[in-house]
$ cat entry_8.tsv   # TSV, C-alpha atoms and all ligand atoms
chain	number	residue	atom	x	y	z
A	1	MET	CA	7.22	1.13	-47.65
A	2	SER	CA	7.78	4.33	-45.77
A	3	LYS	CA	6.19	5.61	-42.64
A	4	ILE	CA	4.65	9.01	-43.09
A	5	ILE	CA	3.43	11.10	-40.16
A	6	LEU	CA	1.14	14.02	-40.85
A	7	VAL	CA	1.12	16.67	-38.14
A	8	THR	CA	-1.99	18.82	-37.79
A	9	LYS	CA	-3.27	21.50	-35.42
A	10	THR	CA	0.02	23.38	-35.20
A	11	HIS	CA	-2.28	26.31	-35.92
A	12	ALA	CA	-5.70	25.18	-34.73
A	13	ASN	CA	-7.59	27.80	-36.78
A	14	GLU	CA	-6.41	26.03	-39.94
A	15	VAL	CA	-9.32	23.62	-39.97
A	16	SER	CA	-9.08	22.56	-43.60
A	17	ALA	CA	-5.55	21.28	-42.94
A	18	THR	CA	-6.91	19.17	-40.08
A	19	LEU	CA	-9.64	17.73	-42.31
A	20	PHE	CA	-7.21	17.00	-45.14
A	21	GLY	CA	-4.97	15.21	-42.63
A	22	ARG	CA	-7.68	12.62	-42.02
A	23	ARG	CA	-8.54	12.30	-45.70
A	24	LEU	CA	-4.90	11.95	-46.68
A	25	VAL	CA	-4.43	8.98	-44.37
A	26	ARG	CA	-6.93	6.97	-46.41
A	27	GLU	CA	-5.66	8.34	-49.70
A	28	LEU	CA	-2.01	7.48	-48.96
A	29	GLN	CA	-2.88	4.10	-47.46
A	30	SER	CA	-4.68	3.18	-50.65
A	31	ARG	CA	-1.41	3.95	-52.44
A	32	GLY	CA	0.42	1.50	-50.18
A	33	HIS	CA	1.95	3.79	-47.57
A	34	LYS	CA	1.96	3.52	-43.83
A	35	VAL	CA	0.47	6.76	-42.55
A	36	GLN	CA	-0.71	8.27	-39.33
A	37	VAL	CA	-1.88	11.68	-38.16
A	38	ARG	CA	-0.57	13.26	-35.00
A	39	GLN	CA	-2.19	16.38	-33.61
A	40	LEU	CA	-0.17	18.90	-31.68
A	41	PRO	CA	-1.69	19.05	-28.19
A	42	ARG	CA	-4.02	22.01	-28.08
A	43	GLU	CA	-2.32	23.88	-25.24
A	44	TYR	CA	1.10	23.83	-26.99
A	45	GLY	CA	-0.22	25.55	-30.11
A	46	LEU	CA	-0.11	29.24	-30.88
A	47	PHE	CA	-3.89	29.52	-31.25
A	48	TYR	CA	-4.60	28.37	-27.71
A	49	ARG	CA	-1.68	30.33	-26.28
A	50	LEU	CA	-2.87	33.52	-27.97
A	51	LEU	CA	-6.40	33.06	-26.72
A	52	ASN	CA	-5.19	32.57	-23.17
A	53	ALA	CA	-2.39	35.12	-23.00
A	54	PRO	CA	-2.84	38.27	-20.94
A	55	PRO	CA	-2.45	41.42	-23.09
A	56	GLU	CA	1.05	42.23	-21.78
A	57	LYS	CA	2.34	38.88	-23.01
A	58	LEU	CA	1.05	39.30	-26.56
A	59	LEU	CA	3.96	41.46	-27.69
A	60	ARG	CA	6.51	38.81	-26.88
A	61	MET	CA	4.57	35.75	-28.01
A	62	GLU	CA	6.83	33.28	-29.81
A	63	GLY	CA	5.47	31.40	-32.81
A	64	GLN	CA	6.70	28.08	-31.47
A	65	SER	CA	6.46	27.36	-27.74
A	66	GLU	CA	9.15	25.35	-25.92
A	67	GLU	CA	6.49	22.69	-25.37
A	68	GLU	CA	5.82	22.51	-29.09
A	69	LYS	CA	9.53	22.18	-29.86
A	70	GLY	CA	9.82	19.41	-27.26
A	71	TRP	CA	6.81	17.62	-28.68
A	72	VAL	CA	8.21	17.72	-32.22
A	73	SER	CA	11.65	16.57	-31.02
A	74	ARG	CA	10.07	13.59	-29.28
A	75	LEU	CA	8.11	12.78	-32.44
A	76	HIS	CA	11.40	12.66	-34.39
A	77	LYS	CA	13.08	10.52	-31.72
A	78	GLU	CA	10.23	8.07	-31.35
A	79	ASN	CA	9.89	7.64	-35.11
A	80	PRO	CA	13.37	7.37	-36.55
A	81	GLY	CA	13.22	7.02	-40.29
A	82	ALA	CA	9.72	8.45	-40.59
A	83	LEU	CA	8.91	11.27	-42.95
A	84	ILE	CA	7.15	13.92	-40.88
A	85	ILE	CA	5.07	16.51	-42.70
A	86	ALA	CA	3.10	19.30	-41.05
A	87	LEU	CA	-0.12	20.35	-42.73
A	88	HIS	CA	-1.00	24.04	-42.70
A	89	ASN	CA	-3.40	26.42	-44.39
A	90	CYS	CA	-2.52	29.65	-46.13
A	91	GLY	CA	-4.75	32.35	-47.57
A	92	PHE	CA	-6.23	31.68	-51.00
A	93	LYS	CA	-5.79	34.01	-53.93
A	94	PRO	CA	-8.23	33.11	-56.73
A	95	LYS	CA	-6.84	32.56	-60.19
A	96	GLU	CA	-8.36	34.24	-63.18
A	97	GLY	CA	-11.00	32.17	-64.91
A	98	GLY	CA	-13.03	30.85	-62.00
A	99	LYS	CA	-12.69	27.61	-60.12
A	100	PRO	CA	-9.43	25.75	-60.45
A	101	ASN	CA	-9.56	22.58	-62.53
A	102	LYS	CA	-5.95	21.81	-61.71
A	103	PHE	CA	-3.57	22.73	-58.94
A	104	SER	CA	0.10	23.01	-59.59
A	105	PHE	CA	2.38	22.38	-56.76
A	106	THR	CA	5.78	23.79	-55.83
A	107	LEU	CA	8.41	22.89	-53.30
A	108	LYS	CA	10.23	25.78	-51.65
A	109	ASP	CA	13.16	26.16	-49.38
A	110	HIS	CA	12.28	27.64	-46.02
A	111	ASP	CA	15.19	30.09	-46.26
A	112	GLN	CA	13.91	31.46	-49.55
A	113	LEU	CA	10.39	32.24	-48.41
A	114	LYS	CA	9.37	35.85	-48.30
A	115	PHE	CA	6.89	36.20	-45.49
A	116	PRO	CA	4.15	37.20	-45.28
A	117	ASN	CA	3.36	37.36	-49.02
A	118	ASP	CA	4.00	33.68	-49.36
A	119	TYR	CA	1.02	33.04	-47.12
A	120	ILE	CA	-1.36	34.07	-49.91
A	121	VAL	CA	-1.34	31.64	-52.81
A	122	SER	CA	-3.46	30.03	-55.53
A	123	ASP	CA	-1.86	26.59	-55.36
A	124	PRO	CA	-0.62	24.43	-52.52
A	125	TYR	CA	3.10	24.47	-51.86
A	126	ALA	CA	5.50	22.59	-49.65
A	127	ILE	CA	8.29	23.95	-47.53
A	128	LYS	CA	11.44	22.05	-46.78
A	129	TYR	CA	12.63	22.95	-43.31
A	130	PRO	CA	16.25	22.96	-42.24
A	131	PRO	CA	16.96	20.49	-39.42
A	132	SER	CA	15.34	22.06	-36.38
A	133	PHE	CA	12.50	21.58	-33.95
A	134	ARG	CA	10.15	21.22	-36.85
A	135	PRO	CA	8.86	18.46	-39.08
A	136	GLN	CA	11.06	17.92	-42.16
A	137	TYR	CA	8.41	19.40	-44.43
A	138	ALA	CA	5.26	21.46	-44.27
A	139	ILE	CA	2.49	21.69	-46.84
A	140	GLU	CA	0.50	24.88	-47.12
A	141	ILE	CA	-3.02	24.21	-48.37
A	142	PRO	CA	-4.92	27.24	-49.67
A	143	VAL	CA	-8.10	28.12	-47.81
A	144	ILE	CA	-10.41	31.10	-47.48
A	145	TYR	CA	-10.30	32.73	-44.08
A	146	LYS	CA	-13.02	34.82	-42.52
A	147	ASP	CA	-13.02	37.47	-39.84
A	148	PRO	CA	-14.27	36.27	-36.48
A	149	SER	CA	-17.83	37.32	-35.67
A	150	ARG	CA	-18.29	40.43	-33.58
A	151	GLY	CA	-18.35	39.92	-29.85
A	152	THR	CA	-16.70	36.50	-29.93
A	153	LEU	CA	-13.61	35.65	-27.93
A	154	LEU	CA	-11.59	35.59	-31.17
A	155	ALA	CA	-12.71	39.10	-32.12
A	156	ARG	CA	-11.96	40.42	-28.64
A	157	LYS	CA	-8.50	38.86	-28.70
A	158	GLN	CA	-7.81	40.43	-32.09
A	159	GLN	CA	-8.73	43.80	-30.64
A	160	GLU	CA	-6.34	43.22	-27.75
A	161	ILE	CA	-3.57	42.48	-30.23
A	162	ARG	CA	-4.27	45.68	-32.19
A	163	GLU	CA	-4.11	47.65	-28.97
A	164	ALA	CA	-0.96	45.91	-27.73
A	165	PHE	CA	0.85	46.69	-30.98
A	166	GLY	CA	-0.64	50.17	-31.36
A	167	GLY	CA	-2.38	49.41	-34.65
A	168	ILE	CA	-2.20	46.77	-37.31
A	169	SER	CA	0.55	48.08	-39.61
A	170	ASN	CA	3.09	46.09	-37.63
A	171	GLU	CA	4.02	42.92	-39.53
A	172	ARG	CA	4.15	40.80	-36.42
A	173	ALA	CA	0.74	42.02	-35.31
A	174	GLN	CA	-0.63	41.12	-38.76
A	175	LYS	CA	0.74	37.65	-38.42
A	176	LEU	CA	-0.79	37.12	-34.99
A	177	LEU	CA	-4.14	38.52	-36.14
A	178	GLY	CA	-4.06	36.01	-38.98
A	179	ARG	CA	-3.58	33.19	-36.49
A	180	LEU	CA	-6.97	34.08	-35.00
A	181	ARG	CA	-8.88	34.12	-38.29
A	182	PRO	CA	-10.95	30.97	-38.70
A	183	ALA	CA	-10.92	29.05	-41.97
A	184	ASP	CA	-14.21	29.49	-43.83
A	185	LEU	CA	-14.94	25.95	-44.94
A	186	LYS	CA	-18.15	26.78	-46.78
A	187	ALA	CA	-16.53	29.50	-48.88
A	188	SER	CA	-13.48	27.30	-49.41
A	189	LYS	CA	-15.66	24.48	-50.66
A	190	GLN	CA	-17.44	26.81	-53.06
A	191	ALA	CA	-14.09	28.00	-54.36
A	192	GLY	CA	-13.11	24.42	-55.18
A	193	LEU	CA	-10.47	24.08	-52.46
A	194	MET	CA	-11.87	21.17	-50.49
A	195	GLY	CA	-12.59	18.56	-53.15
A	196	GLU	CA	-11.03	15.43	-54.58
A	197	LEU	CA	-8.82	17.51	-56.87
A	198	MET	CA	-7.06	19.07	-53.89
A	199	LEU	CA	-6.87	15.74	-52.09
A	200	LYS	CA	-5.24	14.02	-55.07
A	201	THR	CA	-2.87	16.94	-55.62
A	202	LEU	CA	-1.71	16.77	-52.01
A	203	ALA	CA	-1.28	12.99	-52.11
A	204	GLU	CA	0.71	13.22	-55.34
A	205	CYS	CA	2.82	15.99	-53.93
A	206	ILE	CA	3.78	13.79	-50.99
A	207	VAL	CA	4.32	10.59	-52.96
A	208	GLN	CA	5.88	11.93	-56.13
A	209	GLN	CA	7.83	14.94	-54.92
A	210	ILE	CA	8.58	14.97	-51.21
A	211	LEU	CA	9.08	11.25	-50.63
A	212	PRO	CA	11.72	10.69	-53.37
A	213	ILE	CA	13.80	13.69	-52.22
A	214	TRP	CA	13.58	12.65	-48.63
A	215	MET	CA	14.59	9.06	-49.45
A	216	ASP	CA	17.54	10.23	-51.54
A	217	GLU	CA	18.78	12.38	-48.67
A	218	ARG	CA	18.40	9.52	-46.23
A	219	GLU	CA	20.48	7.31	-48.52
A	220	GLU	CA	23.21	9.94	-48.66
A	221	LYS	CA	23.44	10.08	-44.89
A	222	LYS	CA	24.10	6.34	-44.62
B	301	ZN	ZN	-0.08	27.24	-40.10
$ encode --input "entry_8.tsv" --output "structure tokens"
Amino acid sequence: MSKIILVTKTHANEVSATLFGRRLVRELQSRGHKVQVRQLPREYGLFYRLLNAPPEKLLRMEGQSEEEKGWVSRLHKENPGALIIALHNCGFKPKEGGKPNKFSFTLKDHDQLKFPNDYIVSDPYAIKYPPSFRPQYAIEIPVIYKDPSRGTLLARKQQEIREAFGGISNERAQKLLGRLRPADLKASKQAGLMGELMLKTLAECIVQQILPIWMDEREEKK
């Protein structure tokens, strides 16, 4: 039996990832695994930091704060031998032929990802991270995002980012703007992204693909 830790709220706007974290605990437990969810403290995450940053700090905002790195390092130290997987959302690109009746799942190497195109996908995928201040793996779960409503704090912050970067053509600005787009759960549900099919796909991805690789690598290190 392996201990699996699911990390959520690295990007707090990715609400479907947070919900799937809770659902996956039950799903993986029923398959005989020891699982828990750990949420990144709100104030360490990019979402909160963006919302609270003065405009002049936006240009130099790092994706991962020192506090976040420290938190992840402690998680590794306090749980030696645990498989730690971060759950994220990425933008959904519909397939031809309507609602998905099957998701296919791929595992990618972090070094081979081509950002930001890889953030828009039809199927979930997992990323294997090199040893660093990150979980060993991340799973990107497709979701539909929406623009924040006019006049809200999110919309105002997006405007500040556009102004700080002098427009939105800048790739970094695009990325930060994306971090302030809320997941649209209703639209995601209608598109078939929130159901049992996705839940089972994610559970199988962890149990059948990530876990065996991770266990093999752990054996090699011994
Ligand atoms: Zn994310």
$ residues_near_ligand --input "entry_8.tsv" --ligand "ligand ZN 301 (chain B)" --cutoff "8 Å" --atoms "all atoms listed in the file" --output "list in words"
Thr10, His11, Glu14, Leu87, His88, Asn89, Cys90, Glu140 and Arg179 of chain A
$ closest_residue --input "entry_8.tsv" --among "A:Leu6, A:Thr152, A:Ile127, A:Ala173" --to "A:Leu75" --atoms "only C-alpha atoms"
A:Leu6
$ residues_near_point --input "entry_8.tsv" --point "(0.5, 38.0, -42.2)" --cutoff "10 Å" --atoms "all atoms listed in the file" --output "PDB file with C-alpha atoms, in the coordinates of the input"
ATOM      1  CA  CYS A  90      -2.520  29.650 -46.130  1.00  0.00           C
ATOM      2  CA  GLY A  91      -4.750  32.350 -47.570  1.00  0.00           C
ATOM      3  CA  PHE A 115       6.890  36.200 -45.490  1.00  0.00           C
ATOM      4  CA  PRO A 116       4.150  37.200 -45.280  1.00  0.00           C
ATOM      5  CA  ASN A 117       3.360  37.360 -49.020  1.00  0.00           C
ATOM      6  CA  ASP A 118       4.000  33.680 -49.360  1.00  0.00           C
ATOM      7  CA  TYR A 119       1.020  33.040 -47.120  1.00  0.00           C
ATOM      8  CA  ILE A 120      -1.360  34.070 -49.910  1.00  0.00           C
ATOM      9  CA  ASN A 170       3.090  46.090 -37.630  1.00  0.00           C
ATOM     10  CA  GLU A 171       4.020  42.920 -39.530  1.00  0.00           C
ATOM     11  CA  ARG A 172       4.150  40.800 -36.420  1.00  0.00           C
ATOM     12  CA  ALA A 173       0.740  42.020 -35.310  1.00  0.00           C
ATOM     13  CA  GLN A 174      -0.630  41.120 -38.760  1.00  0.00           C
ATOM     14  CA  LYS A 175       0.740  37.650 -38.420  1.00  0.00           C
ATOM     15  CA  LEU A 176      -0.790  37.120 -34.990  1.00  0.00           C
ATOM     16  CA  LEU A 177      -4.140  38.520 -36.140  1.00  0.00           C
ATOM     17  CA  GLY A 178      -4.060  36.010 -38.980  1.00  0.00           C
ATOM     18  CA  ARG A 179      -3.580  33.190 -36.490  1.00  0.00           C
TER      19      ARG A 179
END
$ closest_residue --input "entry_8.tsv" --among "A:Lys93, A:Ser16, A:Gly45, A:Gln136" --to "A:Glu217" --atoms "only C-alpha atoms"
A:Gln136
$ closest_atom_pairs --input "entry_8.tsv" --of "stretch 32-103 of chain A" --to "stretch 185-194 of chain A" --cutoff "9 Å" --atoms "all atoms listed in the file" --output "CSV"
residue,atom,partner,partner_atom,distance
A:Phe92,CA,A:Ser188,CA,8.6
A:Pro94,CA,A:Ala191,CA,8.1
A:Gly98,CA,A:Ala191,CA,8.2
A:Lys99,CA,A:Gly192,CA,5.9
A:Pro100,CA,A:Gly192,CA,6.6
A:Asn101,CA,A:Gly192,CA,8.4
$ closest_residue --input "entry_8.tsv" --among "A:Pro55, A:Phe133, A:Ser73, A:Ile144" --to "A:Lys157" --atoms "all atoms listed in the file"
A:Pro55
$ atom_distance --input "entry_8.tsv" --atom1 "atom CA of A:Leu154" --atom2 "atom CA of A:Leu51"
7.3 Å
$ closest_residue --input "entry_8.tsv" --among "A:Glu163, A:Ser65, A:Pro80, A:Ile141" --to "A:Leu19" --atoms "only C-alpha atoms"
A:Ile141
$ residues_near_point --input "entry_8.tsv" --point "(-7.7, 14.5, -32.9)" --cutoff "10 Å" --atoms "only C-alpha atoms" --output "number ranges by chain"
A: 8-9, 18, 22, 37-42
$ closest_residue --input "entry_8.tsv" --among "A:Leu202, A:Leu24, A:Ile139, A:Ala155" --to "A:Lys108" --atoms "all atoms listed in the file"
A:Ile139
$ atom_distance --input "entry_8.tsv" --atom1 "atom CA of A:Arg150" --atom2 "atom CA of A:Phe47"
18.2 Å
$ atom_distance --input "entry_8.tsv" --atom1 "atom CA of A:Gln29" --atom2 "atom CA of A:Asn13"
26.4 Å
$ residues_around --input "entry_8.tsv" --residues "stretch 129-132 of chain A" --least-positions-apart "5" --cutoff "10 Å" --atoms "all atoms listed in the file" --output "PyMOL selection string"
chain A and resi 69+72-73+85+108-111+137-138
$ write_last_selection --input "entry_8.tsv" --atoms "C-alpha atoms" --output "tab-separated table (two decimals), in the coordinates of the input"
chain	number	residue	atom	x	y	z
A	69	LYS	CA	9.53	22.18	-29.86
A	72	VAL	CA	8.21	17.72	-32.22
A	73	SER	CA	11.65	16.57	-31.02
A	85	ILE	CA	5.07	16.51	-42.70
A	108	LYS	CA	10.23	25.78	-51.65
A	109	ASP	CA	13.16	26.16	-49.38
A	110	HIS	CA	12.28	27.64	-46.02
A	111	ASP	CA	15.19	30.09	-46.26
A	137	TYR	CA	8.41	19.40	-44.43
A	138	ALA	CA	5.26	21.46	-44.27
$ closest_residue --input "entry_8.tsv" --among "A:Phe105, A:Arg156, A:Leu180, A:Arg162" --to "A:Ala12" --atoms "all atoms listed in the file"
A:Leu180
